[in-house]
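Participant: You'll find upload.cif just under this line, and it carries mmCIF, C-alpha atoms.
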data_structure
loop_
_atom_site.group_PDB
_atom_site.id
_atom_site.type_symbol
_atom_site.label_atom_id
_atom_site.label_comp_id
_atom_site.auth_asym_id
_atom_site.auth_seq_id
_atom_site.Cartn_x
_atom_site.Cartn_y
_atom_site.Cartn_z
ATOM 1 C CA MET A 1 112.704 128.091 -115.686
ATOM 2 C CA ASN A 2 110.422 130.508 -117.490
ATOM 3 C CA VAL A 3 111.455 134.042 -116.537
ATOM 4 C CA SER A 4 109.870 136.803 -118.633
ATOM 5 C CA LEU A 5 112.019 138.239 -121.391
ATOM 6 C CA SER A 6 111.425 141.752 -120.065
ATOM 7 C CA LYS A 7 112.845 140.754 -116.669
ATOM 8 C CA ILE A 8 115.849 139.138 -118.349
ATOM 9 C CA PHE A 9 116.390 142.322 -120.364
ATOM 10 C CA LYS A 10 116.101 144.557 -117.291
ATOM 11 C CA ILE A 11 118.507 142.519 -115.148
ATOM 12 C CA PHE A 12 121.154 142.102 -117.847
ATOM 13 C CA PHE A 13 120.883 145.764 -118.851
ATOM 14 C CA LEU A 14 121.561 146.694 -115.201
ATOM 15 C CA ILE A 15 124.479 144.261 -115.086
ATOM 16 C CA GLY A 16 125.862 145.817 -118.269
ATOM 17 C CA LEU A 17 125.697 149.275 -116.680
ATOM 18 C CA GLN A 18 127.850 148.047 -113.783
ATOM 19 C CA LEU A 19 130.238 145.838 -115.744
ATOM 20 C CA LEU A 20 133.586 147.593 -115.513
ATOM 21 C CA GLY A 21 136.694 145.612 -116.370
ATOM 22 C CA GLY A 22 137.227 142.141 -117.734
ATOM 23 C CA GLY A 23 134.943 139.175 -118.004
ATOM 24 C CA TYR A 24 135.504 137.950 -114.457
ATOM 25 C CA VAL A 25 133.918 141.064 -112.992
ATOM 26 C CA ILE A 26 130.543 139.799 -114.168
ATOM 27 C CA MET A 27 130.536 136.952 -111.634
ATOM 28 C CA PRO A 28 129.706 139.001 -108.488
ATOM 29 C CA LEU A 29 127.022 140.854 -110.454
ATOM 30 C CA LEU A 30 125.440 137.645 -111.753
ATOM 31 C CA LYS A 31 125.575 136.177 -108.261
ATOM 32 C CA LYS A 32 123.799 139.220 -106.833
ATOM 33 C CA TYR A 33 121.068 139.502 -109.469
ATOM 34 C CA LEU A 34 120.503 135.906 -110.575
ATOM 35 C CA VAL A 35 121.290 133.898 -107.434
ATOM 36 C CA ILE A 36 120.700 136.105 -104.393
ATOM 37 C CA ASP A 37 118.075 138.664 -105.452
ATOM 38 C CA ASN A 38 115.921 136.617 -107.847
ATOM 39 C CA LYS A 39 116.916 133.012 -107.027
ATOM 40 C CA TRP A 40 116.782 132.121 -110.711
ATOM 41 C CA LEU A 41 120.056 130.171 -110.697
ATOM 42 C CA LYS A 42 122.320 128.400 -108.220
ATOM 43 C CA GLU A 43 125.805 129.708 -107.548
ATOM 44 C CA GLU A 44 127.217 126.341 -108.621
ATOM 45 C CA ASP A 45 125.598 126.873 -112.028
ATOM 46 C CA LEU A 46 127.441 130.184 -112.443
ATOM 47 C CA ILE A 47 130.731 128.553 -111.496
ATOM 48 C CA ASP A 48 130.103 125.844 -114.080
ATOM 49 C CA TYR A 49 129.246 128.498 -116.690
ATOM 50 C CA LEU A 50 132.496 130.306 -115.874
ATOM 51 C CA ALA A 51 134.505 127.105 -116.246
ATOM 52 C CA LEU A 52 132.851 126.301 -119.572
ATOM 53 C CA SER A 53 133.213 129.892 -120.782
ATOM 54 C CA GLN A 54 136.951 129.792 -120.252
ATOM 55 C CA CYS A 55 137.198 126.688 -122.429
ATOM 56 C CA LEU A 56 135.239 128.170 -125.331
ATOM 57 C CA PRO A 57 136.090 130.856 -127.869
ATOM 58 C CA GLY A 58 134.660 134.284 -127.224
ATOM 59 C CA LEU A 59 134.472 136.791 -124.425
ATOM 60 C CA ILE A 60 134.028 135.275 -120.973
ATOM 61 C CA ALA A 61 131.317 137.725 -119.880
ATOM 62 C CA LEU A 62 129.295 137.094 -123.045
ATOM 63 C CA ASN A 63 129.717 133.322 -122.829
ATOM 64 C CA ILE A 64 128.510 133.292 -119.211
ATOM 65 C CA THR A 65 125.604 135.524 -120.227
ATOM 66 C CA ILE A 66 124.674 133.126 -123.023
ATOM 67 C CA PHE A 67 124.641 130.169 -120.604
ATOM 68 C CA SER A 68 122.678 132.144 -117.991
ATOM 69 C CA GLY A 69 120.134 133.398 -120.511
ATOM 70 C CA TYR A 70 119.747 129.889 -121.893
ATOM 71 C CA ALA A 71 119.077 128.520 -118.404
ATOM 72 C CA LEU A 72 116.343 131.117 -117.958
ATOM 73 C CA ARG A 73 114.561 130.989 -121.349
ATOM 74 C CA LYS A 74 116.587 128.826 -123.752
ATOM 75 C CA ILE A 75 117.755 130.445 -127.021
ATOM 76 C CA LEU A 76 115.520 133.514 -126.795
ATOM 77 C CA GLY A 77 116.711 134.100 -123.226
ATOM 78 C CA SER A 78 120.318 133.987 -124.412
ATOM 79 C CA ILE A 79 119.654 136.453 -127.233
ATOM 80 C CA VAL A 80 117.844 138.925 -124.970
ATOM 81 C CA ALA A 81 120.473 138.622 -122.214
ATOM 82 C CA VAL A 82 123.383 139.250 -124.598
ATOM 83 C CA PHE A 83 121.611 142.164 -126.289
ATOM 84 C CA ALA A 84 120.743 143.782 -122.943
ATOM 85 C CA LEU A 85 124.206 143.208 -121.474
ATOM 86 C CA THR A 86 125.965 144.805 -124.433
ATOM 87 C CA LEU A 87 123.472 147.617 -125.087
ATOM 88 C CA SER A 88 124.213 149.680 -121.987
ATOM 89 C CA PRO A 89 128.039 149.687 -122.353
ATOM 90 C CA PHE A 90 127.664 150.336 -126.082
ATOM 91 C CA LEU A 91 125.559 153.435 -125.442
ATOM 92 C CA ILE A 92 127.880 154.691 -122.687
ATOM 93 C CA ILE A 93 131.050 154.114 -124.714
ATOM 94 C CA LEU A 94 129.487 155.713 -127.773
ATOM 95 C CA PHE A 95 128.655 158.777 -125.675
ATOM 96 C CA ILE A 96 132.090 159.190 -124.044
ATOM 97 C CA ALA A 97 134.353 157.964 -126.865
ATOM 98 C CA GLY A 98 135.009 161.448 -128.193
ATOM 99 C CA PHE A 99 135.573 162.919 -124.741
ATOM 100 C CA ILE A 100 138.010 160.312 -123.469
ATOM 101 C CA TYR A 101 140.484 160.916 -126.278
ATOM 102 C CA ASN A 102 140.594 164.634 -125.509
ATOM 103 C CA PHE A 103 140.716 164.314 -121.710
ATOM 104 C CA ALA A 104 142.872 161.207 -121.127
ATOM 105 C CA LYS A 105 146.026 163.288 -120.716
ATOM 106 C CA TYR A 106 144.725 165.166 -117.653
ATOM 107 C CA PRO A 107 145.977 163.936 -114.253
ATOM 108 C CA ILE A 108 142.474 163.758 -112.779
ATOM 109 C CA VAL A 109 141.384 161.362 -115.538
ATOM 110 C CA GLN A 110 144.559 159.286 -115.128
ATOM 111 C CA ASN A 111 143.924 159.124 -111.369
ATOM 112 C CA ALA A 112 140.362 158.020 -112.002
ATOM 113 C CA PHE A 113 141.625 155.178 -114.229
ATOM 114 C CA PHE A 114 144.087 154.182 -111.507
ATOM 115 C CA GLY A 115 141.189 153.879 -109.045
ATOM 116 C CA ILE A 116 139.111 151.930 -111.546
ATOM 117 C CA ARG A 117 141.947 149.447 -112.124
ATOM 118 C CA LEU A 118 142.357 148.878 -108.386
ATOM 119 C CA SER A 119 138.638 148.334 -107.866
ATOM 120 C CA ILE A 120 138.613 145.804 -110.713
ATOM 121 C CA ILE A 121 141.434 143.883 -109.017
ATOM 122 C CA VAL A 122 139.362 143.732 -105.820
ATOM 123 C CA LEU A 123 136.297 142.457 -107.721
ATOM 124 C CA ILE A 124 138.349 139.776 -109.479
ATOM 125 C CA PHE A 125 139.979 138.764 -106.179
ATOM 126 C CA TYR A 126 136.547 138.462 -104.528
ATOM 127 C CA MET A 127 135.301 136.272 -107.368
ATOM 128 C CA ILE A 128 138.394 134.037 -107.215
ATOM 129 C CA LYS A 129 138.057 133.660 -103.424
ATOM 130 C CA ASP A 130 134.410 132.746 -103.793
ATOM 131 C CA ILE A 131 135.033 130.157 -106.508
ATOM 132 C CA PHE A 132 138.109 128.773 -104.718
ATOM 133 C CA THR A 133 136.225 128.082 -101.470
ATOM 134 C CA LYS A 134 133.434 126.319 -103.355
ATOM 135 C CA SER A 135 135.703 124.331 -105.684
ATOM 136 C CA VAL A 136 138.779 123.386 -103.634
ATOM 137 C CA ASN A 137 137.082 121.522 -100.806
ATOM 138 C CA SER A 138 138.490 117.990 -100.671
ATOM 139 C CA LYS A 139 141.842 116.215 -100.718
ATOM 140 C CA PHE A 140 141.422 115.481 -104.411
ATOM 141 C CA THR A 141 140.535 119.053 -105.371
ATOM 142 C CA VAL A 142 143.488 120.395 -103.342
ATOM 143 C CA PHE A 143 145.749 117.893 -105.143
ATOM 144 C CA LEU A 144 144.343 118.831 -108.562
ATOM 145 C CA PHE A 145 144.566 122.557 -107.818
ATOM 146 C CA LEU A 146 148.224 122.263 -106.769
ATOM 147 C CA LEU A 147 149.048 120.018 -109.737
ATOM 148 C CA ILE A 148 147.563 122.470 -112.240
ATOM 149 C CA LEU A 149 149.113 125.469 -110.464
ATOM 150 C CA LEU A 150 152.583 123.892 -110.416
ATOM 151 C CA SER A 151 152.206 122.682 -114.000
ATOM 152 C CA ASN A 152 151.351 126.225 -115.024
ATOM 153 C CA ILE A 153 154.421 127.579 -113.225
ATOM 154 C CA PHE A 154 157.008 124.960 -114.221
ATOM 155 C CA LEU A 155 155.862 123.381 -117.489
ATOM 156 C CA PRO A 156 155.512 125.026 -120.905
ATOM 157 C CA LEU A 157 151.798 124.190 -121.138
ATOM 158 C CA GLY A 158 149.210 126.590 -122.472
ATOM 159 C CA PRO A 159 145.846 127.242 -120.810
ATOM 160 C CA SER A 160 144.021 124.743 -123.042
ATOM 161 C CA SER A 161 146.485 122.002 -122.144
ATOM 162 C CA LEU A 162 146.011 122.693 -118.431
ATOM 163 C CA VAL A 163 142.233 122.537 -118.761
ATOM 164 C CA VAL A 164 142.420 119.260 -120.718
ATOM 165 C CA LEU A 165 144.819 117.845 -118.098
ATOM 166 C CA ALA A 166 142.411 118.788 -115.297
ATOM 167 C CA ILE A 167 139.487 117.259 -117.198
ATOM 168 C CA LEU A 168 141.307 113.983 -117.851
ATOM 169 C CA ILE A 169 142.503 113.644 -114.266
ATOM 170 C CA SER A 170 139.011 114.426 -112.954
ATOM 171 C CA ILE A 171 137.419 111.839 -115.240
ATOM 172 C CA LEU A 172 140.001 109.249 -114.200
ATOM 173 C CA PHE A 173 139.420 110.058 -110.529
ATOM 174 C CA GLY A 174 135.657 109.744 -111.007
ATOM 175 C CA LEU A 175 136.021 106.364 -112.714
ATOM 176 C CA ILE A 176 138.229 105.102 -109.890
ATOM 177 C CA GLN A 177 135.727 106.371 -107.292
ATOM 178 C CA ASP A 178 132.836 104.690 -109.134
ATOM 179 C CA LYS A 179 134.764 101.406 -109.290
ATOM 180 C CA LYS A 180 135.476 101.602 -105.545
ATOM 181 C CA GLU A 181 131.794 102.313 -104.802
ATOM 182 C CA ARG A 182 130.664 99.349 -106.919
ATOM 183 C CA ALA A 183 133.184 97.087 -105.179
ATOM 184 C CA LYS A 184 131.816 98.122 -101.767
ATOM 185 C CA LEU A 185 128.272 97.242 -102.846
ATOM 186 C CA LYS A 186 129.227 93.689 -103.814
#
Would you mind giving the structure from this file in structure tokens?

Facilitator:
Amino acid sequence: MNVSLSKIFKIFFLIGLQLLGGGYVIMPLLKKYLVIDNKWLKEEDLIDYLALSQCLPGLIALNITIFSGYALRKILGSIVAVFALTLSPFLIILFIAGFIYNFAKYPIVQNAFFGIRLSIIVLIFYMIKDIFTKSVNSKFTVFLFLLILLSNIFLPLGPSSLVVLAILISILFGLIQDKKERAKLK
């Protein structure tokens, strides 16, 4: 794909203006601007970028932005996307940094933060629901989801261990499926 750098800058600057909360909040915004409005990427691509971003060092929102920018215009697309995404929050935070310290103690500001936190929870929930319905859609994926969920609850495994476990089981499942398919063809 060969999207103009100015369009990449504009879209990611707008996303940065709306990016409140953690890295997961970027997913509905990327879906709106990159998948639905401009049809530059597929939703499955974004889900893959999210999965990869969680397995790599760095901030999730920036990692997903790097992958998205790269899909649009390779390395230069990634650089422009990251710059645009971070520029708008940087300017806003720079502007309000002095004010927030002085006004954070007021009840109206505390109430505003309460509302912001709740809206972020809704955005994260929406993203999880969307990814869940696209990813957990077969007997195997239900099994793997429950296995990883229960392992997370009952075993002293860290996030990296759970991801590696899911990868290994998925590769093994794929090899078994390929072997079965080849046996049917003979």

Participant: Compare A:Phe114, A:Tyr33, A:Tyr49, A:Gly58 by their minimum atom-to-atom distance to Ala71 in chain A, counting only C-alpha atoms, and give me the closest one.

Facilitator: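 Closest candidate: A:Tyr49.
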
Participant: I'd like to know which of A:Phe140, A:Cys55, A:Ile148, A:Leu155 is closest to Leu172 in chain A, using only C-alpha atoms.

Facilitator: A:Phe140

Participant: Report as a VMD selection string the full result of the PyMOL selection byres ((chain A and resi 53) around 10) when it is applied to this structure.

Facilitator: chain A and resid 23 47 to 52 54 to 67

Participant: Point out the residue among A:Leu123, A:Leu34, A:Leu19, A:Ile8 with the least atom-to-atom distance to Ser78 in chain A, counting all atoms listed in the file.

Facilitator: A:Ile8

Participant: If the PyMOL selection byres ((chain A and resi 163) around 12) is run on the structure shown, which residues does it catch, given as a list of chain:residue names?

Facilitator: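 So the PyMOL selection byres ((chain A and resi 163) around 12), applied here, picks out A:Ala51, A:Leu52, A:Ser53, A:Gln54, A:Cys55, A:Leu56, A:Leu144, A:Phe145, A:Leu147, A:Ile148, A:Leu149, A:Ser151, A:Asn152, A:Leu157, A:Gly158, A:Pro159, A:Ser160, A:Ser161, A:Leu162, A:Val164, A:Leu165, A:Ala166, A:Ile167, A:Leu168, A:Ile169, A:Ser170.
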
Participant: With distances taken over only C-alpha atoms, which of A:Leu20, A:Ile116, A:Ile26, A:Ile108 is nearest to Ile93 in chain A?

Facilitator: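 Looking at the shortest contact to Ile93 in chain A, the residue is A:Leu20.
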
Participant: Kindly provide, as AutoDock Vina command-line options, the centre and edge lengths (Å, one decimal) of an axis-aligned box around all atoms of range 30-40 of chain A given in the file, with 6 Å on each side.

Facilitator:
--center_x 120.7 --center_y 135.8 --center_z -108.1 --size_x 21.7 --size_y 19.4 --size_z 19.4

Participant: Carefully work through the PyMOL selection byres ((chain A and resi 72) around 10) for this structure and note down the residues it includes, as JSON, numbers by chain.

Facilitator: {"A": [1, 2, 3, 4, 5, 8, 34, 40, 41, 66, 67, 68, 69, 70, 71, 73, 74, 75, 76, 77, 78, 81]}

Participant: For a test of reading the model, state the distance in Å between CA of Val82 in chain A and CA of Met127 in chain A, rounded to one decimal.

Facilitator: 21.2 Å
